[in-house]
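Q: Input file: run.cif. Contents: mmCIF, C-alpha atoms and all ligand atoms; chains and numbers go by the auth columns.
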```
data_start
#
loop_
_atom_site.group_PDB
_atom_site.id
_atom_site.type_symbol
_atom_site.label_atom_id
_atom_site.label_comp_id
_atom_site.label_asym_id
_atom_site.label_seq_id
_atom_site.Cartn_x
_atom_site.Cartn_y
_atom_site.Cartn_z
_atom_site.B_iso_or_equiv
_atom_site.auth_seq_id
_atom_site.auth_asym_id
ATOM 1 C CA MET A 1 0.000 0.000 0.000 0.00 1 A
ATOM 2 C CA SER A 2 1.353 3.420 -0.974 0.00 2 A
ATOM 3 C CA ASP A 3 2.655 5.755 1.804 0.00 3 A
ATOM 4 C CA LYS A 4 0.039 8.226 0.607 0.00 4 A
ATOM 5 C CA TRP A 5 -2.613 6.112 2.306 0.00 5 A
ATOM 6 C CA ASN A 6 -0.789 6.091 5.629 0.00 6 A
ATOM 7 C CA TYR A 7 -2.059 9.609 6.396 0.00 7 A
ATOM 8 C CA GLY A 8 1.136 10.894 7.990 0.00 8 A
ATOM 9 C CA ASP A 9 1.516 7.762 10.172 0.00 9 A
ATOM 10 C CA ALA A 10 -0.874 9.009 12.891 0.00 10 A
ATOM 11 C CA TYR A 11 -1.866 5.348 13.351 0.00 11 A
ATOM 12 C CA LYS A 12 1.621 4.601 14.698 0.00 12 A
ATOM 13 C CA ARG A 13 1.346 7.368 17.307 0.00 13 A
ATOM 14 C CA TYR A 14 -2.323 6.685 18.133 0.00 14 A
ATOM 15 C CA PRO A 15 -2.922 3.021 17.347 0.00 15 A
ATOM 16 C CA LEU A 16 -6.572 1.981 17.523 0.00 16 A
ATOM 17 C CA THR A 17 -8.028 -1.449 18.229 0.00 17 A
ATOM 18 C CA ASN A 18 -11.529 -2.574 17.315 0.00 18 A
ATOM 19 C CA GLU A 19 -12.773 -1.400 20.721 0.00 19 A
ATOM 20 C CA PRO A 20 -14.488 2.015 21.102 0.00 20 A
ATOM 21 C CA TYR A 21 -12.049 4.855 21.870 0.00 21 A
ATOM 22 C CA GLU A 22 -13.400 7.314 24.445 0.00 22 A
ATOM 23 C CA PHE A 23 -12.192 10.908 24.962 0.00 23 A
ATOM 24 C CA PRO A 24 -12.271 12.615 28.390 0.00 24 A
ATOM 25 C CA ASP A 25 -15.422 14.608 27.468 0.00 25 A
ATOM 26 C CA GLY A 26 -17.340 11.398 26.654 0.00 26 A
ATOM 27 C CA SER A 27 -16.989 11.604 22.861 0.00 27 A
ATOM 28 C CA ILE A 28 -16.502 8.127 21.365 0.00 28 A
ATOM 29 C CA VAL A 29 -15.195 6.787 18.051 0.00 29 A
ATOM 30 C CA LYS A 30 -14.700 3.264 16.776 0.00 30 A
ATOM 31 C CA VAL A 31 -13.067 1.490 13.854 0.00 31 A
ATOM 32 C CA HIS A 32 -16.144 -0.085 12.345 0.00 32 A
ATOM 33 C CA ASP A 33 -17.761 -1.061 9.043 0.00 33 A
ATOM 34 C CA ILE A 34 -21.369 0.160 8.956 0.00 34 A
ATOM 35 C CA PHE A 35 -22.444 -3.190 7.504 0.00 35 A
ATOM 36 C CA ASN A 36 -21.811 -4.625 10.995 0.00 36 A
ATOM 37 C CA PRO A 37 -24.362 -4.119 13.811 0.00 37 A
ATOM 38 C CA LEU A 38 -24.538 -0.500 14.944 0.00 38 A
ATOM 39 C CA PRO A 39 -22.551 0.147 18.167 0.00 39 A
ATOM 40 C CA ASP A 40 -24.880 1.343 20.945 0.00 40 A
ATOM 41 C CA PHE A 41 -22.882 4.506 21.644 0.00 41 A
ATOM 42 C CA MET A 42 -23.933 5.872 18.224 0.00 42 A
ATOM 43 C CA LYS A 43 -27.454 6.270 19.656 0.00 43 A
ATOM 44 C CA LYS A 44 -26.155 9.146 21.800 0.00 44 A
ATOM 45 C CA ALA A 45 -26.268 11.345 18.683 0.00 45 A
ATOM 46 C CA ASP A 46 -29.211 13.754 18.572 0.00 46 A
ATOM 47 C CA LEU A 47 -27.849 15.425 15.417 0.00 47 A
ATOM 48 C CA MET A 48 -25.945 13.851 12.518 0.00 48 A
ATOM 49 C CA PHE A 49 -23.755 14.905 9.638 0.00 49 A
ATOM 50 C CA VAL A 50 -22.426 12.164 7.357 0.00 50 A
ATOM 51 C CA ASP A 51 -20.200 12.473 4.310 0.00 51 A
ATOM 52 C CA PRO A 52 -20.290 8.895 2.995 0.00 52 A
ATOM 53 C CA PRO A 53 -18.743 7.531 -0.213 0.00 53 A
ATOM 54 C CA TRP A 54 -20.772 8.852 -3.158 0.00 54 A
ATOM 55 C CA ASN A 55 -20.906 5.891 -5.524 0.00 55 A
ATOM 56 C CA LEU A 56 -19.719 2.326 -5.927 0.00 56 A
ATOM 57 C CA SER A 57 -16.226 3.062 -7.257 0.00 57 A
ATOM 58 C CA ASN A 58 -15.667 5.665 -4.519 0.00 58 A
ATOM 59 C CA LEU A 59 -16.857 3.123 -1.917 0.00 59 A
ATOM 60 C CA ASN A 60 -14.457 0.476 -3.200 0.00 60 A
ATOM 61 C CA THR A 61 -11.587 2.989 -3.266 0.00 61 A
ATOM 62 C CA PHE A 62 -12.140 3.460 0.477 0.00 62 A
ATOM 63 C CA TYR A 63 -12.033 -0.331 1.002 0.00 63 A
ATOM 64 C CA THR A 64 -8.752 -0.409 -0.950 0.00 64 A
ATOM 65 C CA LYS A 65 -7.306 2.444 1.131 0.00 65 A
ATOM 66 C CA ALA A 66 -8.328 0.537 4.265 0.00 66 A
ATOM 67 C CA ASP A 67 -6.413 -2.558 2.976 0.00 67 A
ATOM 68 C CA LYS A 68 -9.700 -4.432 2.528 0.00 68 A
ATOM 69 C CA ILE A 69 -9.535 -5.481 -1.111 0.00 69 A
ATOM 70 C CA ASP A 70 -11.266 -8.784 -0.259 0.00 70 A
ATOM 71 C CA GLU A 71 -14.288 -6.850 1.013 0.00 71 A
ATOM 72 C CA HIS A 72 -15.026 -4.842 -2.152 0.00 72 A
ATOM 73 C CA LYS A 73 -18.771 -4.390 -2.741 0.00 73 A
ATOM 74 C CA ASP A 74 -20.807 -4.863 -5.894 0.00 74 A
ATOM 75 C CA SER A 75 -23.771 -2.653 -5.002 0.00 75 A
ATOM 76 C CA PHE A 76 -23.853 0.978 -3.900 0.00 76 A
ATOM 77 C CA GLU A 77 -27.559 0.635 -3.174 0.00 77 A
ATOM 78 C CA ALA A 78 -26.801 -1.953 -0.457 0.00 78 A
ATOM 79 C CA PHE A 79 -24.390 0.539 1.108 0.00 79 A
ATOM 80 C CA TYR A 80 -26.677 3.536 1.213 0.00 80 A
ATOM 81 C CA LYS A 81 -29.700 1.466 2.310 0.00 81 A
ATOM 82 C CA ARG A 82 -27.587 0.269 5.253 0.00 82 A
ATOM 83 C CA LEU A 83 -26.497 3.874 5.940 0.00 83 A
ATOM 84 C CA PHE A 84 -30.119 5.039 6.181 0.00 84 A
ATOM 85 C CA GLU A 85 -30.994 1.964 8.283 0.00 85 A
ATOM 86 C CA CYS A 86 -28.311 3.041 10.800 0.00 86 A
ATOM 87 C CA ILE A 87 -29.681 6.604 10.781 0.00 87 A
ATOM 88 C CA SER A 88 -33.176 5.246 11.512 0.00 88 A
ATOM 89 C CA GLU A 89 -31.765 3.268 14.482 0.00 89 A
ATOM 90 C CA ILE A 90 -30.003 6.370 15.840 0.00 90 A
ATOM 91 C CA LYS A 91 -33.040 8.622 15.339 0.00 91 A
ATOM 92 C CA PRO A 92 -31.378 12.064 15.444 0.00 92 A
ATOM 93 C CA HIS A 93 -33.835 14.976 15.352 0.00 93 A
ATOM 94 C CA THR A 94 -31.894 16.394 12.401 0.00 94 A
ATOM 95 C CA CYS A 95 -29.654 14.656 9.909 0.00 95 A
ATOM 96 C CA TYR A 96 -27.438 16.005 7.129 0.00 96 A
ATOM 97 C CA VAL A 97 -25.995 13.679 4.467 0.00 97 A
ATOM 98 C CA GLU A 98 -23.587 14.819 1.769 0.00 98 A
ATOM 99 C CA ILE A 99 -23.804 13.283 -1.728 0.00 99 A
ATOM 100 C CA GLY A 100 -22.895 13.809 -5.383 0.00 100 A
ATOM 101 C CA LYS A 101 -25.373 14.337 -8.222 0.00 101 A
ATOM 102 C CA GLU A 102 -25.554 10.646 -9.215 0.00 102 A
ATOM 103 C CA HIS A 103 -27.374 9.568 -6.045 0.00 103 A
ATOM 104 C CA LEU A 104 -28.895 12.854 -4.892 0.00 104 A
ATOM 105 C CA ALA A 105 -32.443 11.777 -5.771 0.00 105 A
ATOM 106 C CA ASP A 106 -32.001 8.386 -4.015 0.00 106 A
ATOM 107 C CA PHE A 107 -30.810 10.104 -0.840 0.00 107 A
ATOM 108 C CA ILE A 108 -33.724 12.553 -0.881 0.00 108 A
ATOM 109 C CA VAL A 109 -36.172 9.643 -1.275 0.00 109 A
ATOM 110 C CA ASP A 110 -34.637 7.732 1.662 0.00 110 A
ATOM 111 C CA MET A 111 -34.453 10.849 3.824 0.00 111 A
ATOM 112 C CA ARG A 112 -38.159 11.467 3.172 0.00 112 A
ATOM 113 C CA LYS A 113 -38.977 8.011 4.570 0.00 113 A
ATOM 114 C CA GLN A 114 -37.660 9.156 7.968 0.00 114 A
ATOM 115 C CA TYR A 115 -38.199 12.902 8.168 0.00 115 A
ATOM 116 C CA LYS A 116 -41.174 15.169 7.721 0.00 116 A
ATOM 117 C CA TYR A 117 -39.044 18.078 6.529 0.00 117 A
ATOM 118 C CA VAL A 118 -36.438 17.451 3.840 0.00 118 A
ATOM 119 C CA THR A 119 -34.433 19.917 1.818 0.00 119 A
ATOM 120 C CA PHE A 120 -31.048 19.958 0.114 0.00 120 A
ATOM 121 C CA TYR A 121 -28.289 22.490 -0.433 0.00 121 A
ATOM 122 C CA ASN A 122 -25.957 23.132 -3.346 0.00 122 A
ATOM 123 C CA SER A 123 -22.459 22.913 -1.953 0.00 123 A
ATOM 124 C CA SER A 124 -18.828 22.342 -2.934 0.00 124 A
ATOM 125 C CA TYR A 125 -15.825 20.668 -1.358 0.00 125 A
ATOM 126 C CA TYR A 126 -12.097 21.382 -0.904 0.00 126 A
ATOM 127 C CA HIS A 127 -13.000 25.081 -1.204 0.00 127 A
ATOM 128 C CA ASP A 128 -13.229 24.723 -4.982 0.00 128 A
ATOM 129 C CA LYS A 129 -16.484 26.038 -6.489 0.00 129 A
ATOM 130 C CA TYR A 130 -16.140 23.583 -9.387 0.00 130 A
ATOM 131 C CA LYS A 131 -16.111 20.563 -7.047 0.00 131 A
ATOM 132 C CA ILE A 132 -19.874 20.347 -6.713 0.00 132 A
ATOM 133 C CA CYS A 133 -21.770 18.340 -4.119 0.00 133 A
ATOM 134 C CA TYR A 134 -25.111 18.414 -2.348 0.00 134 A
ATOM 135 C CA ILE A 135 -26.103 18.230 1.286 0.00 135 A
ATOM 136 C CA VAL A 136 -29.494 16.712 2.074 0.00 136 A
ATOM 137 C CA ARG A 137 -31.085 17.817 5.351 0.00 137 A
ATOM 138 C CA GLY A 138 -33.880 15.918 7.097 0.00 138 A
ATOM 139 C CA SER A 139 -35.515 17.111 10.317 0.00 139 A
ATOM 140 C CA LYS A 140 -38.450 16.342 12.575 0.00 140 A
ATOM 141 C CA ASN A 141 -39.191 20.036 13.135 0.00 141 A
ATOM 142 C CA PHE A 142 -39.337 22.745 10.518 0.00 142 A
ATOM 143 C CA ARG A 143 -36.227 24.861 10.165 0.00 143 A
ATOM 144 C CA LYS A 144 -34.545 25.917 6.956 0.00 144 A
ATOM 145 C CA PRO A 145 -31.070 27.291 7.535 0.00 145 A
ATOM 146 C CA ARG A 146 -29.622 29.262 4.621 0.00 146 A
ATOM 147 C CA LEU A 147 -26.628 27.176 3.618 0.00 147 A
ATOM 148 C CA ASP A 148 -26.800 27.209 -0.182 0.00 148 A
ATOM 149 C CA TYR A 149 -23.527 27.612 -2.078 0.00 149 A
ATOM 150 C CA MET A 150 -21.372 27.335 1.029 0.00 150 A
ATOM 151 C CA ASP A 151 -18.395 24.956 0.996 0.00 151 A
ATOM 152 C CA GLU A 152 -19.121 21.699 2.885 0.00 152 A
ATOM 153 C CA GLU A 153 -16.493 22.614 5.471 0.00 153 A
ATOM 154 C CA HIS A 154 -18.245 25.903 6.210 0.00 154 A
ATOM 155 C CA ILE A 155 -21.570 24.091 6.378 0.00 155 A
ATOM 156 C CA ILE A 156 -20.130 21.681 8.965 0.00 156 A
ATOM 157 C CA GLU A 157 -18.755 24.658 10.924 0.00 157 A
ATOM 158 C CA TRP A 158 -22.181 26.307 10.813 0.00 158 A
ATOM 159 C CA ILE A 159 -23.996 23.131 11.889 0.00 159 A
ATOM 160 C CA CYS A 160 -21.663 22.440 14.812 0.00 160 A
ATOM 161 C CA ALA A 161 -21.919 26.041 16.013 0.00 161 A
ATOM 162 C CA ASN A 162 -25.632 26.705 15.416 0.00 162 A
ATOM 163 C CA GLU A 163 -27.784 23.549 15.455 0.00 163 A
ATOM 164 C CA ASP A 164 -29.427 22.609 18.723 0.00 164 A
ATOM 165 C CA TYR A 165 -27.729 19.411 19.985 0.00 165 A
ATOM 166 C CA GLU A 166 -25.803 17.654 22.720 0.00 166 A
ATOM 167 C CA CYS A 167 -23.894 15.157 20.616 0.00 167 A
ATOM 168 C CA ILE A 168 -23.288 14.963 16.859 0.00 168 A
ATOM 169 C CA GLY A 169 -22.869 11.612 15.089 0.00 169 A
ATOM 170 C CA ASP A 170 -21.049 10.701 11.885 0.00 170 A
ATOM 171 C CA LEU A 171 -21.114 7.114 10.569 0.00 171 A
ATOM 172 C CA CYS A 172 -18.183 7.730 8.189 0.00 172 A
ATOM 173 C CA ILE A 173 -16.230 10.121 10.391 0.00 173 A
ATOM 174 C CA GLY A 174 -12.906 9.818 8.538 0.00 174 A
ATOM 175 C CA ARG A 175 -10.231 12.264 9.612 0.00 175 A
ATOM 176 C CA GLY A 176 -12.653 14.221 11.733 0.00 176 A
ATOM 177 C CA LEU A 177 -14.026 17.410 10.213 0.00 177 A
ATOM 178 C CA VAL A 178 -17.218 16.908 12.232 0.00 178 A
ATOM 179 C CA ALA A 179 -15.347 15.891 15.397 0.00 179 A
ATOM 180 C CA VAL A 180 -13.004 18.894 15.314 0.00 180 A
ATOM 181 C CA ASN A 181 -15.880 21.351 14.848 0.00 181 A
ATOM 182 C CA ALA A 182 -17.965 19.745 17.594 0.00 182 A
ATOM 183 C CA TYR A 183 -14.964 19.891 19.933 0.00 183 A
ATOM 184 C CA LYS A 184 -14.402 23.585 19.119 0.00 184 A
ATOM 185 C CA ASN A 185 -17.990 24.216 20.249 0.00 185 A
ATOM 186 C CA ASN A 186 -17.612 22.181 23.475 0.00 186 A
ATOM 187 C CA LYS A 187 -19.985 19.552 22.134 0.00 187 A
ATOM 188 C CA ARG A 188 -19.578 15.778 22.156 0.00 188 A
ATOM 189 C CA PHE A 189 -19.292 13.648 19.021 0.00 189 A
ATOM 190 C CA VAL A 190 -19.663 9.948 18.250 0.00 190 A
ATOM 191 C CA GLY A 191 -18.450 8.277 15.098 0.00 191 A
ATOM 192 C CA THR A 192 -17.575 5.125 13.234 0.00 192 A
ATOM 193 C CA GLU A 193 -14.961 4.768 10.505 0.00 193 A
ATOM 194 C CA LEU A 194 -13.853 1.865 8.301 0.00 194 A
ATOM 195 C CA ASN A 195 -10.174 2.849 8.113 0.00 195 A
ATOM 196 C CA HIS A 196 -8.207 2.815 11.371 0.00 196 A
ATOM 197 C CA LYS A 197 -5.447 4.917 9.791 0.00 197 A
ATOM 198 C CA ARG A 198 -7.890 7.716 8.952 0.00 198 A
ATOM 199 C CA LEU A 199 -9.502 7.505 12.390 0.00 199 A
ATOM 200 C CA SER A 200 -6.094 7.832 14.098 0.00 200 A
ATOM 201 C CA VAL A 201 -5.709 11.201 12.329 0.00 201 A
ATOM 202 C CA LEU A 202 -8.916 12.345 14.062 0.00 202 A
ATOM 203 C CA VAL A 203 -7.683 11.083 17.456 0.00 203 A
ATOM 204 C CA GLU A 204 -4.370 12.898 17.021 0.00 204 A
ATOM 205 C CA LYS A 205 -6.136 16.179 16.105 0.00 205 A
ATOM 206 C CA ILE A 206 -8.442 16.033 19.141 0.00 206 A
ATOM 207 C CA LYS A 207 -5.600 15.087 21.498 0.00 207 A
ATOM 208 C CA LYS A 208 -3.632 18.080 20.205 0.00 208 A
ATOM 209 C CA MET A 209 -6.609 20.386 20.787 0.00 209 A
ATOM 210 C CA GLU A 210 -7.041 18.933 24.294 0.00 210 A
ATOM 211 C CA SER A 211 -3.431 19.622 25.188 0.00 211 A
ATOM 212 C CA GLU A 212 -3.538 23.149 23.707 0.00 212 A
ATOM 213 C CA GLN A 213 -6.567 23.869 25.885 0.00 213 A
ATOM 214 C CA LYS A 214 -4.652 22.818 29.010 0.00 214 A
ATOM 215 C CA GLU A 215 -1.742 25.229 28.241 0.00 215 A
HETATM 216 C C1 LIG B . -15.742 11.203 2.044 0.00 301 B
HETATM 217 S S1 LIG B . -14.955 10.446 3.374 0.00 301 B
HETATM 218 C C2 LIG B . -15.469 11.344 4.777 0.00 301 B
HETATM 219 C C3 LIG B . -14.501 12.405 5.126 0.00 301 B
HETATM 220 C C4 LIG B . -14.759 12.968 6.502 0.00 301 B
HETATM 221 N N1 LIG B . -15.844 13.934 6.482 0.00 301 B
HETATM 222 C C5 LIG B . -13.498 13.585 7.100 0.00 301 B
HETATM 223 O O1 LIG B . -13.587 14.607 7.784 0.00 301 B
HETATM 224 O O2 LIG B . -12.430 12.987 6.913 0.00 301 B
HETATM 225 C C6 LIG B . -15.862 8.950 3.565 0.00 301 B
HETATM 226 C C7 LIG B . -15.382 8.093 4.722 0.00 301 B
HETATM 227 O O3 LIG B . -16.220 6.937 4.814 0.00 301 B
HETATM 228 C C8 LIG B . -15.425 5.849 5.232 0.00 301 B
HETATM 229 N N2 LIG B . -16.140 4.609 4.892 0.00 301 B
HETATM 230 C C9 LIG B . -16.261 4.032 3.684 0.00 301 B
HETATM 231 N N3 LIG B . -16.979 2.905 3.765 0.00 301 B
HETATM 232 C C10 LIG B . -17.335 2.767 5.069 0.00 301 B
HETATM 233 C C11 LIG B . -18.062 1.770 5.777 0.00 301 B
HETATM 234 N N4 LIG B . -18.560 0.717 5.154 0.00 301 B
HETATM 235 N N5 LIG B . -18.230 1.919 7.104 0.00 301 B
HETATM 236 C C12 LIG B . -17.695 3.012 7.752 0.00 301 B
HETATM 237 N N6 LIG B . -16.992 3.978 7.124 0.00 301 B
HETATM 238 C C13 LIG B . -16.812 3.841 5.791 0.00 301 B
HETATM 239 C C14 LIG B . -14.122 6.047 4.454 0.00 301 B
HETATM 240 O O4 LIG B . -13.042 5.309 4.982 0.00 301 B
HETATM 241 C C15 LIG B . -13.947 7.566 4.549 0.00 301 B
HETATM 242 O O5 LIG B . -13.173 7.937 5.655 0.00 301 B
#
```
Could you express the structure from this file as structure tokens?
Ligand SMILES: C[S@@+](CC[C@H](N)C(=O)[O-])C[C@H]1O[C@@H](n2cnc3c(N)ncnc32)[C@H](O)[C@@H]1O

A:
Amino acid sequence: MSDKWNYGDAYKRYPLTNEPYEFPDGSIVKVHDIFNPLPDFMKKADLMFVDPPWNLSNLNTFYTKADKIDEHKDSFEAFYKRLFECISEIKPHTCYVEIGKEHLADFIVDMRKQYKYVTFYNSSYYHDKYKICYIVRGSKNFRKPRLDYMDEEHIIEWICANEDYECIGDLCIGRGLVAVNAYKNNKRFVGTELNHKRLSVLVEKIKKMESEQKE
């Protein structure tokens, strides 16, 4: 596997097992494939933001990066159905899911099965207005924040600072954009992530923020 997928070797400094990793404030993350039964701690989330893989080839690229070539999938539908099943088990009052154009309509349909109020925002990623994506928002109560045409990172910042919540959940938490922004707002986060090397990057970032706070 190329060094590029070692993410700066954070996994050597913060090695993770398959057990949940708990931070002093009660935030919890775990190396976990969402196809496995949902860990109970994910039900602490009353708000969610998830940026999952966007299509089948993107999904399989993440399995490759996680050294799981034997576990490549042949259906993206199976993946996103399982994602929405996990969301329905967690039952957050509000849920945001990021997606590309190809599956935008599918995500809106599945969000509508769980939430009375559903909308979506035009967004972009990596702060490049030509890298277009969409963020679908489902909620039990009516609220329509104005987030159109903001970069996904700014949307996550806005959500973590302005939504009403105790704990934000992310089923594909990766290197921790959601976790870092929750932490900045003194809020807890819970998350699962397929790739232990990516999750160690999140742990390292939060540990650094914790130690900076103590100084
Ligand atoms: C687009 S990235 C999310 C990036 C994230 N927002 C961040 O701050 O790093 C999608 C993430 O989903 C993870 N992933 C892919 N398949 C998964 C699965 N079956 N279960 C859990 N996580 C998965 C990938 O490893 C990757 O970290």

Q: Considering all atoms listed in the file, return as a list of chain:residue names whatever protein or nucleic-acid residues lie within 9 Å of Leu177 in chain A, sequence-local ones (same chain, fewer than 4 positions apart) excluded.

A: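 After dropping sequence-adjacent residues, the list is A:Glu153, A:Ile156, A:Glu157, A:Ile173, A:Asn181, A:Ala182, A:Leu202.
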
Q: Restrict the selected residues to C-alpha atoms and save them as a CSV table (one decimal), keeping the file's coordinate frame.

A:
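selection-v3.csv, freshly written:
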```csv
chain,number,residue,atom,x,y,z
A,153,GLU,CA,-16.5,22.6,5.5
A,156,ILE,CA,-20.1,21.7,9.0
A,157,GLU,CA,-18.8,24.7,10.9
A,173,ILE,CA,-16.2,10.1,10.4
A,181,ASN,CA,-15.9,21.4,14.8
A,182,ALA,CA,-18.0,19.7,17.6
A,202,LEU,CA,-8.9,12.3,14.1
```

Q: What's the 10 Å shell around Glu77 in chain A, counting all atoms listed in the file, without same-chain residues fewer than 3 positions away, as a PyMOL selection string?

A: chain A and resi 55-56+74+80-83+103+106

Q: Hey, which residues sit close to ligand LIG 301 (chain B)? Say within 7 Å, counting all atoms listed in the file, and write them as a list in words.

A: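 Final answer, ordered by chain and number: His32, Asp33, Ile34, Phe35, Val50, Asp51, Pro52, Pro53, Leu59, Phe62, Tyr63, Ala66, Leu171, Cys172, Ile173, Gly174, Arg175, Gly176, Leu177, Val178, Thr192, Glu193, Leu194, Asn195 and Arg198 of chain A.
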
Q: Just give me the residues with any atom within 9 Å of (-3.6, 1.6, 3.7), file coordinates, counting only C-alpha atoms, written as a list in words.

A: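 These residues have at least one counted atom within 9 Å: Met1, Ser2, Asp3, Lys4, Trp5, Asn6, Tyr7, Thr64, Lys65, Ala66, Asp67, Lys68, Asn195 and Lys197 of chain A.
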
Q: Considering all atoms listed in the file, state which residue in the set A:Phe84, A:Phe79, A:Tyr183, A:Phe142 is at the smallest distance from Ile168 in chain A.

A: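 Answer, going by the shortest atom-to-atom distance: A:Tyr183.
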
Q: On this structure, which residues satisfy the PyMOL selection byres (((chain A and resi 15) around 12) and not hetatm), written as a PyMOL selection string?

A: chain A and resi 9-14+16-19+21+30-31+195-204

Q: With all atoms listed in the file as the basis for distance, which of A:Met48, A:Ala105, A:Leu38, A:Val29 is at the shortest distance from Gly169 in chain A?

A: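 Among the listed residues, A:Met48 lies closest to Gly169 in chain A.
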
Q: Using the chain letters and numbers from the file, which residues does the PyMOL selection byres (((chain A and resi 189) around 6) and not hetatm) grab, as a PyMOL selection string?

A: chain A and resi 27+167-169+179+188+190

Q: Which of these residues is nearest to Ile99 in chain A, using all atoms listed in the file: A:Arg137, A:Ile87, A:His72, A:Val118?

A: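 Counting all atoms listed in the file, the residue closest to Ile99 in chain A is A:Arg137.
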